[in-house]
file entry-v4.txt (compact mmCIF, N, CA and C atoms)
# COMPACT_ATOMS: atom_id res chain seq x y z
N MET H 296 109.41 135.54 74.93
CA MET H 296 109.68 134.14 74.78
C MET H 296 108.70 133.57 73.78
N SER H 297 109.15 132.73 72.88
CA SER H 297 108.29 132.12 71.89
C SER H 297 108.01 130.68 72.25
N ILE H 298 106.76 130.31 72.18
CA ILE H 298 106.36 128.93 72.41
C ILE H 298 105.78 128.43 71.10
N VAL H 299 106.27 127.30 70.63
CA VAL H 299 105.79 126.73 69.38
C VAL H 299 104.86 125.58 69.71
N LYS H 300 103.67 125.59 69.11
CA LYS H 300 102.74 124.49 69.32
C LYS H 300 101.96 124.27 68.03
N PRO H 301 101.53 123.03 67.80
CA PRO H 301 100.73 122.79 66.60
C PRO H 301 99.38 123.48 66.74
N SER H 302 98.92 124.13 65.69
CA SER H 302 97.63 124.80 65.75
C SER H 302 96.49 123.81 65.57
N ASP H 303 96.78 122.66 64.97
CA ASP H 303 95.80 121.61 64.77
C ASP H 303 96.53 120.29 64.94
N SER H 304 96.14 119.49 65.92
CA SER H 304 96.89 118.27 66.22
C SER H 304 96.91 117.29 65.04
N LYS H 305 95.98 117.43 64.08
CA LYS H 305 95.96 116.55 62.92
C LYS H 305 96.89 117.06 61.82
N ASN H 306 97.28 118.32 61.89
CA ASN H 306 98.09 118.92 60.85
C ASN H 306 99.34 119.52 61.47
N TRP H 307 100.42 118.76 61.48
CA TRP H 307 101.65 119.22 62.10
C TRP H 307 102.45 120.13 61.18
N GLU H 308 101.97 120.39 59.98
CA GLU H 308 102.68 121.29 59.08
C GLU H 308 102.44 122.75 59.46
N THR H 309 101.36 123.02 60.16
CA THR H 309 101.02 124.38 60.56
C THR H 309 101.26 124.52 62.05
N ILE H 310 101.98 125.55 62.43
CA ILE H 310 102.22 125.79 63.85
C ILE H 310 101.93 127.25 64.17
N ASP H 311 101.57 127.48 65.42
CA ASP H 311 101.41 128.84 65.92
C ASP H 311 102.59 129.14 66.83
N ILE H 312 103.11 130.33 66.72
CA ILE H 312 104.17 130.77 67.62
C ILE H 312 103.58 131.86 68.50
N GLU H 313 103.63 131.63 69.80
CA GLU H 313 103.11 132.59 70.76
C GLU H 313 104.28 133.19 71.54
N ASN H 314 104.28 134.48 71.68
CA ASN H 314 105.31 135.17 72.45
C ASN H 314 104.77 135.52 73.82
N TYR H 315 105.58 135.30 74.84
CA TYR H 315 105.21 135.61 76.21
C TYR H 315 106.35 136.38 76.88
N ASP H 316 105.98 137.28 77.75
CA ASP H 316 106.94 137.81 78.71
C ASP H 316 106.89 136.83 79.87
N VAL H 317 108.04 136.34 80.30
CA VAL H 317 108.06 135.31 81.34
C VAL H 317 108.93 135.73 82.52
N ILE H 318 108.61 135.11 83.64
CA ILE H 318 109.43 135.25 84.83
C ILE H 318 109.99 133.87 85.14
N ILE H 319 111.25 133.81 85.49
CA ILE H 319 111.92 132.55 85.78
C ILE H 319 111.62 132.14 87.21
N LEU H 320 111.18 130.89 87.38
CA LEU H 320 110.86 130.37 88.71
C LEU H 320 111.92 129.41 89.24
N SER H 321 112.80 128.92 88.37
CA SER H 321 113.87 128.04 88.83
C SER H 321 114.79 128.81 89.78
N GLN H 322 115.42 128.09 90.67
CA GLN H 322 116.29 128.71 91.66
C GLN H 322 117.50 129.37 90.98
N SER H 323 117.81 130.58 91.38
CA SER H 323 118.92 131.31 90.77
C SER H 323 120.26 130.61 90.99
N CYS H 324 120.42 129.91 92.13
CA CYS H 324 121.68 129.20 92.37
C CYS H 324 121.86 128.06 91.38
N ASP H 325 120.76 127.40 90.98
CA ASP H 325 120.85 126.35 89.97
C ASP H 325 121.24 126.93 88.61
N LEU H 326 120.72 128.12 88.31
CA LEU H 326 121.07 128.77 87.05
C LEU H 326 122.53 129.20 87.05
N GLU H 327 122.96 129.83 88.13
CA GLU H 327 124.33 130.33 88.21
C GLU H 327 125.36 129.22 88.17
N ASN H 328 125.01 128.06 88.71
CA ASN H 328 125.96 126.94 88.77
C ASN H 328 125.72 125.90 87.67
N ASN H 329 124.89 126.23 86.69
CA ASN H 329 124.61 125.32 85.56
C ASN H 329 124.18 123.93 86.02
N LYS H 330 123.29 123.87 87.02
CA LYS H 330 122.87 122.58 87.57
C LYS H 330 121.56 122.05 86.99
N ILE H 331 120.97 122.77 86.03
CA ILE H 331 119.71 122.31 85.44
C ILE H 331 119.77 122.44 83.93
N ASP H 332 119.01 121.57 83.27
CA ASP H 332 118.91 121.63 81.81
C ASP H 332 117.65 122.37 81.37
N LEU H 333 116.59 122.27 82.16
CA LEU H 333 115.32 122.93 81.85
C LEU H 333 115.01 123.96 82.92
N VAL H 334 114.53 125.11 82.49
CA VAL H 334 114.23 126.23 83.38
C VAL H 334 112.72 126.41 83.43
N LEU H 335 112.20 126.51 84.63
CA LEU H 335 110.76 126.68 84.84
C LEU H 335 110.42 128.16 84.73
N VAL H 336 109.44 128.49 83.87
CA VAL H 336 109.01 129.88 83.67
C VAL H 336 107.49 129.96 83.66
N CYS H 337 106.97 131.13 84.00
CA CYS H 337 105.54 131.43 83.91
C CYS H 337 105.39 132.77 83.21
N PRO H 338 104.31 132.92 82.45
CA PRO H 338 104.08 134.22 81.82
C PRO H 338 103.58 135.26 82.82
N TYR H 339 103.89 136.50 82.52
CA TYR H 339 103.30 137.60 83.29
C TYR H 339 102.71 138.60 82.31
N TYR H 340 101.72 139.34 82.80
CA TYR H 340 100.99 140.29 81.98
C TYR H 340 100.79 141.57 82.78
N THR H 341 100.53 142.67 82.09
CA THR H 341 100.02 143.83 82.81
C THR H 341 98.59 143.48 83.20
N ILE H 342 98.08 144.12 84.22
CA ILE H 342 96.73 143.81 84.68
C ILE H 342 95.70 144.10 83.58
N SER H 343 95.94 145.13 82.77
CA SER H 343 94.99 145.43 81.69
C SER H 343 95.04 144.36 80.59
N GLU H 344 96.24 143.86 80.24
CA GLU H 344 96.36 142.78 79.26
C GLU H 344 95.65 141.52 79.78
N PHE H 345 95.87 141.22 81.05
CA PHE H 345 95.29 140.02 81.64
C PHE H 345 93.77 140.10 81.71
N THR H 346 93.24 141.29 81.96
CA THR H 346 91.80 141.49 82.03
C THR H 346 91.16 141.26 80.65
N LYS H 347 91.88 141.61 79.58
CA LYS H 347 91.36 141.35 78.24
C LYS H 347 91.27 139.85 77.96
N ILE H 348 92.23 139.08 78.48
CA ILE H 348 92.25 137.63 78.29
C ILE H 348 91.24 136.95 79.21
N ASN H 349 91.15 137.41 80.45
CA ASN H 349 90.28 136.84 81.48
C ASN H 349 89.28 137.89 81.92
N LYS H 350 88.14 137.89 81.30
CA LYS H 350 87.11 138.92 81.54
C LYS H 350 86.67 138.97 83.00
N SER H 351 86.80 137.87 83.73
CA SER H 351 86.38 137.88 85.13
C SER H 351 87.21 138.85 85.97
N PHE H 352 88.40 139.22 85.48
CA PHE H 352 89.25 140.14 86.23
C PHE H 352 88.83 141.60 86.10
N THR H 353 87.71 141.86 85.42
CA THR H 353 87.17 143.21 85.43
C THR H 353 86.54 143.51 86.80
N ASP H 354 86.20 142.45 87.54
CA ASP H 354 85.62 142.60 88.87
C ASP H 354 86.72 142.99 89.86
N TYR H 355 86.55 144.13 90.50
CA TYR H 355 87.57 144.62 91.44
C TYR H 355 87.76 143.65 92.61
N LYS H 356 86.73 142.88 92.97
CA LYS H 356 86.84 141.93 94.09
C LYS H 356 87.85 140.84 93.76
N LEU H 357 87.87 140.38 92.52
CA LEU H 357 88.83 139.37 92.10
C LEU H 357 90.24 139.93 92.11
N LYS H 358 90.40 141.15 91.62
CA LYS H 358 91.72 141.80 91.66
C LYS H 358 92.19 141.98 93.10
N GLU H 359 91.28 142.37 93.98
CA GLU H 359 91.62 142.56 95.38
C GLU H 359 92.00 141.23 96.03
N ALA H 360 91.28 140.16 95.68
CA ALA H 360 91.62 138.83 96.21
C ALA H 360 93.03 138.43 95.76
N ALA H 361 93.37 138.74 94.51
CA ALA H 361 94.72 138.45 94.01
C ALA H 361 95.75 139.29 94.76
N ARG H 362 95.45 140.55 94.99
CA ARG H 362 96.37 141.43 95.72
C ARG H 362 96.64 140.91 97.13
N GLN H 363 95.60 140.37 97.75
CA GLN H 363 95.73 139.85 99.12
C GLN H 363 96.37 138.46 99.17
N GLY H 364 96.62 137.87 97.99
CA GLY H 364 97.22 136.54 97.96
C GLY H 364 96.20 135.43 98.13
N ASN H 365 94.93 135.71 97.89
CA ASN H 365 93.87 134.72 98.08
C ASN H 365 93.46 134.01 96.79
N LEU H 366 94.18 134.21 95.71
CA LEU H 366 93.97 133.48 94.45
C LEU H 366 95.26 132.72 94.15
N PRO H 367 95.34 131.47 94.58
CA PRO H 367 96.62 130.74 94.48
C PRO H 367 97.22 130.64 93.08
N GLY H 368 96.43 130.73 92.04
CA GLY H 368 96.96 130.58 90.68
C GLY H 368 97.63 131.82 90.13
N TYR H 369 97.56 132.91 90.88
CA TYR H 369 98.08 134.19 90.38
C TYR H 369 98.85 134.92 91.47
N HIS H 370 99.78 135.76 91.02
CA HIS H 370 100.56 136.56 91.95
C HIS H 370 100.75 137.95 91.34
N LEU H 371 100.51 138.97 92.13
CA LEU H 371 100.68 140.34 91.65
C LEU H 371 102.05 140.89 92.01
N LEU H 372 102.61 141.62 91.07
CA LEU H 372 103.87 142.35 91.28
C LEU H 372 103.57 143.82 91.07
N ASN H 373 104.16 144.65 91.89
CA ASN H 373 103.93 146.09 91.76
C ASN H 373 104.50 146.59 90.44
N SER H 374 104.07 147.76 90.03
CA SER H 374 104.57 148.34 88.78
C SER H 374 106.08 148.52 88.86
N CYS H 375 106.71 148.47 87.71
CA CYS H 375 108.17 148.55 87.63
C CYS H 375 108.55 149.79 86.83
N PRO H 376 109.32 150.71 87.40
CA PRO H 376 109.68 151.94 86.68
C PRO H 376 110.56 151.69 85.46
N PHE H 377 111.13 150.51 85.31
CA PHE H 377 112.02 150.21 84.19
C PHE H 377 111.27 149.73 82.96
N LEU H 378 109.98 149.45 83.10
CA LEU H 378 109.17 149.01 81.96
C LEU H 378 108.56 150.22 81.28
N ASP H 379 107.96 149.98 80.12
CA ASP H 379 107.36 151.07 79.34
C ASP H 379 106.00 151.50 79.87
N HIS H 380 105.58 150.96 80.97
CA HIS H 380 104.25 151.27 81.52
C HIS H 380 104.36 151.31 83.04
N GLU H 381 103.35 151.81 83.68
CA GLU H 381 103.32 151.92 85.14
C GLU H 381 102.25 151.02 85.74
N GLU H 382 102.00 149.88 85.12
CA GLU H 382 100.92 149.01 85.56
C GLU H 382 101.42 147.90 86.48
N ILE H 383 100.49 147.44 87.30
CA ILE H 383 100.74 146.26 88.13
C ILE H 383 100.83 145.06 87.20
N LEU H 384 101.69 144.10 87.54
CA LEU H 384 101.85 142.89 86.75
C LEU H 384 101.20 141.71 87.47
N ILE H 385 100.71 140.77 86.68
CA ILE H 385 100.14 139.55 87.25
C ILE H 385 100.87 138.36 86.65
N VAL H 386 101.36 137.47 87.53
CA VAL H 386 102.05 136.25 87.12
C VAL H 386 101.02 135.13 87.11
N ASP H 387 100.98 134.39 86.01
CA ASP H 387 100.01 133.31 85.84
C ASP H 387 100.67 131.97 86.14
N PHE H 388 100.48 131.46 87.36
CA PHE H 388 101.05 130.17 87.75
C PHE H 388 100.33 129.00 87.08
N LYS H 389 99.16 129.25 86.50
CA LYS H 389 98.41 128.17 85.87
C LYS H 389 98.97 127.81 84.50
N THR H 390 99.88 128.63 83.99
CA THR H 390 100.53 128.39 82.71
C THR H 390 102.03 128.28 82.97
N ILE H 391 102.52 127.06 83.04
CA ILE H 391 103.92 126.81 83.38
C ILE H 391 104.61 126.19 82.17
N PHE H 392 105.82 126.66 81.87
CA PHE H 392 106.60 126.11 80.78
C PHE H 392 107.99 125.75 81.29
N SER H 393 108.59 124.77 80.63
CA SER H 393 110.01 124.48 80.81
C SER H 393 110.71 124.83 79.51
N LEU H 394 111.75 125.62 79.63
CA LEU H 394 112.54 126.00 78.46
C LEU H 394 113.98 125.54 78.67
N SER H 395 114.61 125.21 77.60
CA SER H 395 116.01 124.80 77.66
C SER H 395 116.87 125.93 78.23
N PHE H 396 117.72 125.58 79.18
CA PHE H 396 118.63 126.57 79.77
C PHE H 396 119.53 127.15 78.68
N GLU H 397 119.97 126.30 77.75
CA GLU H 397 120.81 126.77 76.64
C GLU H 397 120.07 127.79 75.78
N PHE H 398 118.79 127.54 75.52
CA PHE H 398 117.98 128.47 74.74
C PHE H 398 117.89 129.81 75.47
N LEU H 399 117.61 129.77 76.76
CA LEU H 399 117.51 131.02 77.53
C LEU H 399 118.82 131.78 77.55
N LYS H 400 119.91 131.07 77.76
CA LYS H 400 121.21 131.73 77.78
C LYS H 400 121.50 132.39 76.43
N ALA H 401 121.17 131.70 75.37
CA ALA H 401 121.46 132.22 74.03
C ALA H 401 120.56 133.40 73.65
N HIS H 402 119.35 133.44 74.17
CA HIS H 402 118.39 134.43 73.71
C HIS H 402 118.02 135.51 74.71
N LYS H 403 118.01 135.20 75.98
CA LYS H 403 117.47 136.18 76.91
C LYS H 403 118.34 136.45 78.13
N LEU H 404 118.95 135.46 78.69
CA LEU H 404 119.65 135.66 79.96
C LEU H 404 120.86 136.57 79.86
N GLU H 405 121.41 136.71 78.68
CA GLU H 405 122.60 137.54 78.52
C GLU H 405 122.29 139.01 78.27
N ARG H 406 121.01 139.35 78.16
CA ARG H 406 120.63 140.74 77.89
C ARG H 406 120.95 141.62 79.10
N GLU H 407 121.46 142.80 78.81
CA GLU H 407 121.82 143.72 79.89
C GLU H 407 120.59 144.31 80.58
N ASN H 408 119.49 144.47 79.86
CA ASN H 408 118.33 145.13 80.44
C ASN H 408 117.30 144.15 81.03
N ARG H 409 117.75 142.97 81.41
CA ARG H 409 116.86 141.99 82.03
C ARG H 409 116.53 142.45 83.44
N ILE H 410 115.25 142.39 83.78
CA ILE H 410 114.79 142.85 85.09
C ILE H 410 114.75 141.66 86.05
N THR H 411 115.21 141.88 87.28
CA THR H 411 115.17 140.82 88.28
C THR H 411 114.45 141.33 89.53
N LEU H 412 113.85 140.40 90.24
CA LEU H 412 113.22 140.74 91.51
C LEU H 412 114.29 140.72 92.60
N LEU H 413 114.20 141.66 93.49
CA LEU H 413 115.10 141.71 94.63
C LEU H 413 114.45 141.05 95.83
N SER H 414 115.27 140.73 96.81
CA SER H 414 114.76 140.19 98.06
C SER H 414 114.05 141.32 98.81
N PRO H 415 112.95 141.12 99.43
CA PRO H 415 112.20 139.88 99.71
C PRO H 415 111.14 139.57 98.66
N TYR H 416 111.10 140.33 97.54
CA TYR H 416 110.05 140.13 96.54
C TYR H 416 110.17 138.78 95.83
N LYS H 417 111.42 138.35 95.56
CA LYS H 417 111.56 137.05 94.89
C LYS H 417 111.16 135.91 95.82
N GLU H 418 111.41 136.04 97.12
CA GLU H 418 110.98 135.02 98.07
C GLU H 418 109.45 135.01 98.20
N HIS H 419 108.85 136.20 98.13
CA HIS H 419 107.39 136.31 98.19
C HIS H 419 106.77 135.61 96.98
N LEU H 420 107.34 135.83 95.79
CA LEU H 420 106.89 135.14 94.58
C LEU H 420 107.06 133.63 94.72
N SER H 421 108.22 133.19 95.20
CA SER H 421 108.47 131.76 95.38
C SER H 421 107.48 131.12 96.34
N GLN H 422 107.17 131.83 97.41
CA GLN H 422 106.22 131.32 98.39
C GLN H 422 104.82 131.21 97.78
N ALA H 423 104.43 132.19 96.98
CA ALA H 423 103.12 132.15 96.33
C ALA H 423 103.05 130.97 95.35
N PHE H 424 104.13 130.75 94.59
CA PHE H 424 104.16 129.63 93.66
C PHE H 424 104.09 128.30 94.43
N ALA H 425 104.82 128.21 95.53
CA ALA H 425 104.80 126.99 96.33
C ALA H 425 103.40 126.71 96.87
N ARG H 426 102.70 127.75 97.34
CA ARG H 426 101.33 127.55 97.83
C ARG H 426 100.43 127.03 96.72
N PHE H 427 100.60 127.55 95.52
CA PHE H 427 99.79 127.08 94.39
C PHE H 427 100.14 125.64 94.04
N PHE H 428 101.42 125.34 93.97
CA PHE H 428 101.88 124.04 93.50
C PHE H 428 101.63 122.93 94.51
N MET H 429 101.62 123.25 95.80
CA MET H 429 101.50 122.20 96.83
C MET H 429 100.07 121.99 97.31
N ARG H 430 99.08 122.61 96.64
CA ARG H 430 97.69 122.43 97.05
C ARG H 430 97.32 120.96 97.07
N VAL H 431 96.50 120.60 98.03
CA VAL H 431 96.00 119.23 98.14
C VAL H 431 94.49 119.28 98.20
N GLY H 432 93.84 118.56 97.30
CA GLY H 432 92.39 118.48 97.32
C GLY H 432 91.97 117.26 98.12
N LEU H 433 91.20 117.46 99.16
CA LEU H 433 90.73 116.35 99.98
C LEU H 433 89.38 115.86 99.48
N PRO H 434 89.11 114.55 99.61
CA PRO H 434 87.83 114.03 99.15
C PRO H 434 86.65 114.55 99.96
N SER H 435 86.89 114.86 101.22
CA SER H 435 85.84 115.47 102.04
C SER H 435 86.51 116.37 103.06
N GLY H 436 85.87 117.48 103.33
CA GLY H 436 86.46 118.44 104.26
C GLY H 436 85.84 118.34 105.65
N ILE H 437 86.34 119.14 106.54
CA ILE H 437 85.78 119.23 107.89
C ILE H 437 84.51 120.05 107.80
N PRO H 438 83.43 119.59 108.41
CA PRO H 438 82.17 120.35 108.31
C PRO H 438 82.30 121.73 108.94
N LYS H 439 81.47 122.69 108.43
CA LYS H 439 81.49 124.05 108.97
C LYS H 439 81.00 124.06 110.41
N PHE H 440 81.53 124.99 111.18
CA PHE H 440 81.04 125.19 112.53
C PHE H 440 79.78 126.02 112.48
N GLU H 441 78.84 125.70 113.32
CA GLU H 441 77.58 126.43 113.41
C GLU H 441 77.57 127.23 114.69
N LYS H 442 76.97 128.38 114.64
CA LYS H 442 76.83 129.21 115.83
C LYS H 442 75.87 128.53 116.79
N VAL H 443 76.29 128.38 118.04
CA VAL H 443 75.47 127.72 119.06
C VAL H 443 74.57 128.76 119.70
N LYS H 444 73.26 128.45 119.71
CA LYS H 444 72.29 129.35 120.33
C LYS H 444 72.23 129.04 121.82
N LYS H 445 72.25 130.09 122.63
CA LYS H 445 72.22 129.89 124.08
C LYS H 445 70.86 130.17 124.64

call {"tool": "encode", "arguments": {"input": "entry-v4.txt", "output": "structure tokens"}}
result
Amino acid sequence: MSIVKPSDSKNWETIDIENYDVIILSQSCDLENNKIDLVLVCPYYTISEFTKINKSFTDYKLKEAARQGNLPGYHLLNSCPFLDHEEILIVDFKTIFSLSFEFLKAHKLERENRITLLSPYKEHLSQAFARFFMRVGLPSGIPKFEKVKK
């Protein structure tokens, strides 16, 4: 997927085009029934690609936290035998795009080799995205419990 953005906000004559592999987050029933104009997508990366972009992911503890679902901004998908590699994939919920449904239909959705998640994996992804999106930051939390000495 290509995203076009100005490389310098003062100079709109120059643009950068960035290509992403994306996963569609919009509901499949809305896509099938043509009920939306914009489709919600997030980029995904192999874990090695993502580690190059985010150096903190070289720490195995962070990867393990993501695997356990304890990093709300990210979701791991197991390796896919249909891809050119055998790596785990990471979906970046912190980078969300809306693309025209017409653009997707014309360029990507009609491809025969498009990979889809099966149930219950797509529901697991949706639940992870919902947890990230519905976070609420409170101005003050409940104080920690202290161990009572007897």

call {"tool": "atom_distance", "arguments": {"input": "entry-v4.txt", "atom1": "atom CA of Ile383 of chain H", "atom2": "atom CA of His370 of chain H"}}
result
10.4 Å

call {"tool": "atom_distance", "arguments": {"input": "entry-v4.txt", "atom1": "atom CA of Phe427 of chain H", "atom2": "atom CA of His380 of chain H"}}
result
27.8 Å

call {"tool": "atom_distance", "arguments": {"input": "entry-v4.txt", "atom1": "atom C of Phe424 of chain H", "atom2": "atom C of Tyr369 of chain H"}}
result
8.9 Å

call {"tool": "closest_residue", "arguments": {"input": "entry-v4.txt", "among": "H:Ser374, H:Leu333, H:Glu381, H:Ser343", "to": "Ser321 of chain H", "atoms": "only C-alpha atoms"}}
result
H:Leu333

call {"tool": "closest_residue", "arguments": {"input": "entry-v4.txt", "among": "H:Gln363, H:Val431, H:Phe352, H:Val334", "to": "Leu320 of chain H", "atoms": "only N, CA and C atoms"}}
result
H:Val334

call {"tool": "residues_around", "arguments": {"input": "entry-v4.txt", "residues": "Arg430 of chain H", "least_positions_apart": "4", "cutoff": "12 Å", "atoms": "only C-alpha atoms", "output": "mmCIF file with N, CA and C atoms, keeping the file's coordinate frame"}}
result
data_model
loop_
_atom_site.group_PDB
_atom_site.id
_atom_site.type_symbol
_atom_site.label_atom_id
_atom_site.label_comp_id
_atom_site.auth_asym_id
_atom_site.auth_seq_id
_atom_site.Cartn_x
_atom_site.Cartn_y
_atom_site.Cartn_z
ATOM 1 N N LEU H 366 94.180 134.210 95.710
ATOM 2 C CA LEU H 366 93.970 133.480 94.450
ATOM 3 C C LEU H 366 95.260 132.720 94.150
ATOM 4 N N PRO H 367 95.340 131.470 94.580
ATOM 5 C CA PRO H 367 96.620 130.740 94.480
ATOM 6 C C PRO H 367 97.220 130.640 93.080
ATOM 7 N N GLY H 368 96.430 130.730 92.040
ATOM 8 C CA GLY H 368 96.960 130.580 90.680
ATOM 9 C C GLY H 368 97.630 131.820 90.130
ATOM 10 N N ALA H 423 104.430 132.190 96.980
ATOM 11 C CA ALA H 423 103.120 132.150 96.330
ATOM 12 C C ALA H 423 103.050 130.970 95.350
ATOM 13 N N PHE H 424 104.130 130.750 94.590
ATOM 14 C CA PHE H 424 104.160 129.630 93.660
ATOM 15 C C PHE H 424 104.090 128.300 94.430
ATOM 16 N N ALA H 425 104.820 128.210 95.530
ATOM 17 C CA ALA H 425 104.800 126.990 96.330
ATOM 18 C C ALA H 425 103.400 126.710 96.870
ATOM 19 N N ARG H 426 102.700 127.750 97.340
ATOM 20 C CA ARG H 426 101.330 127.550 97.830
ATOM 21 C C ARG H 426 100.430 127.030 96.720
#

call {"tool": "select_by_dssp", "arguments": {"input": "entry-v4.txt", "residues": "chain H", "states": "helix (DSSP H, G or I)", "output": "count of residues only"}}
result
46

call {"tool": "closest_residue", "arguments": {"input": "entry-v4.txt", "among": "H:Gln322, H:Ser435, H:Asn314, H:Thr341", "to": "Val386 of chain H", "atoms": "all atoms listed in the file"}}
result
H:Thr341

call {"tool": "closest_residue", "arguments": {"input": "entry-v4.txt", "among": "H:Phe398, H:Phe345, H:Tyr355, H:Phe388", "to": "Asp332 of chain H", "atoms": "all atoms listed in the file"}}
result
H:Phe398

call {"tool": "select_by_dssp", "arguments": {"input": "entry-v4.txt", "residues": "segment 301-443 of chain H", "states": "strand (DSSP E or B)", "output": "PyMOL selection string"}}
result
chain H and resi 301-303+306-314+317-319+333-341+369-372+384-387+392-395

call {"tool": "closest_residue", "arguments": {"input": "entry-v4.txt", "among": "H:Ala401, H:Ile342, H:Ile410, H:Leu326", "to": "Leu357 of chain H", "atoms": "only C-alpha atoms"}}
result
H:Ile342

call {"tool": "closest_residue", "arguments": {"input": "entry-v4.txt", "among": "H:Leu371, H:Ile312, H:Leu399, H:Met429", "to": "Asp387 of chain H", "atoms": "only N, CA and C atoms"}}
result
H:Leu371
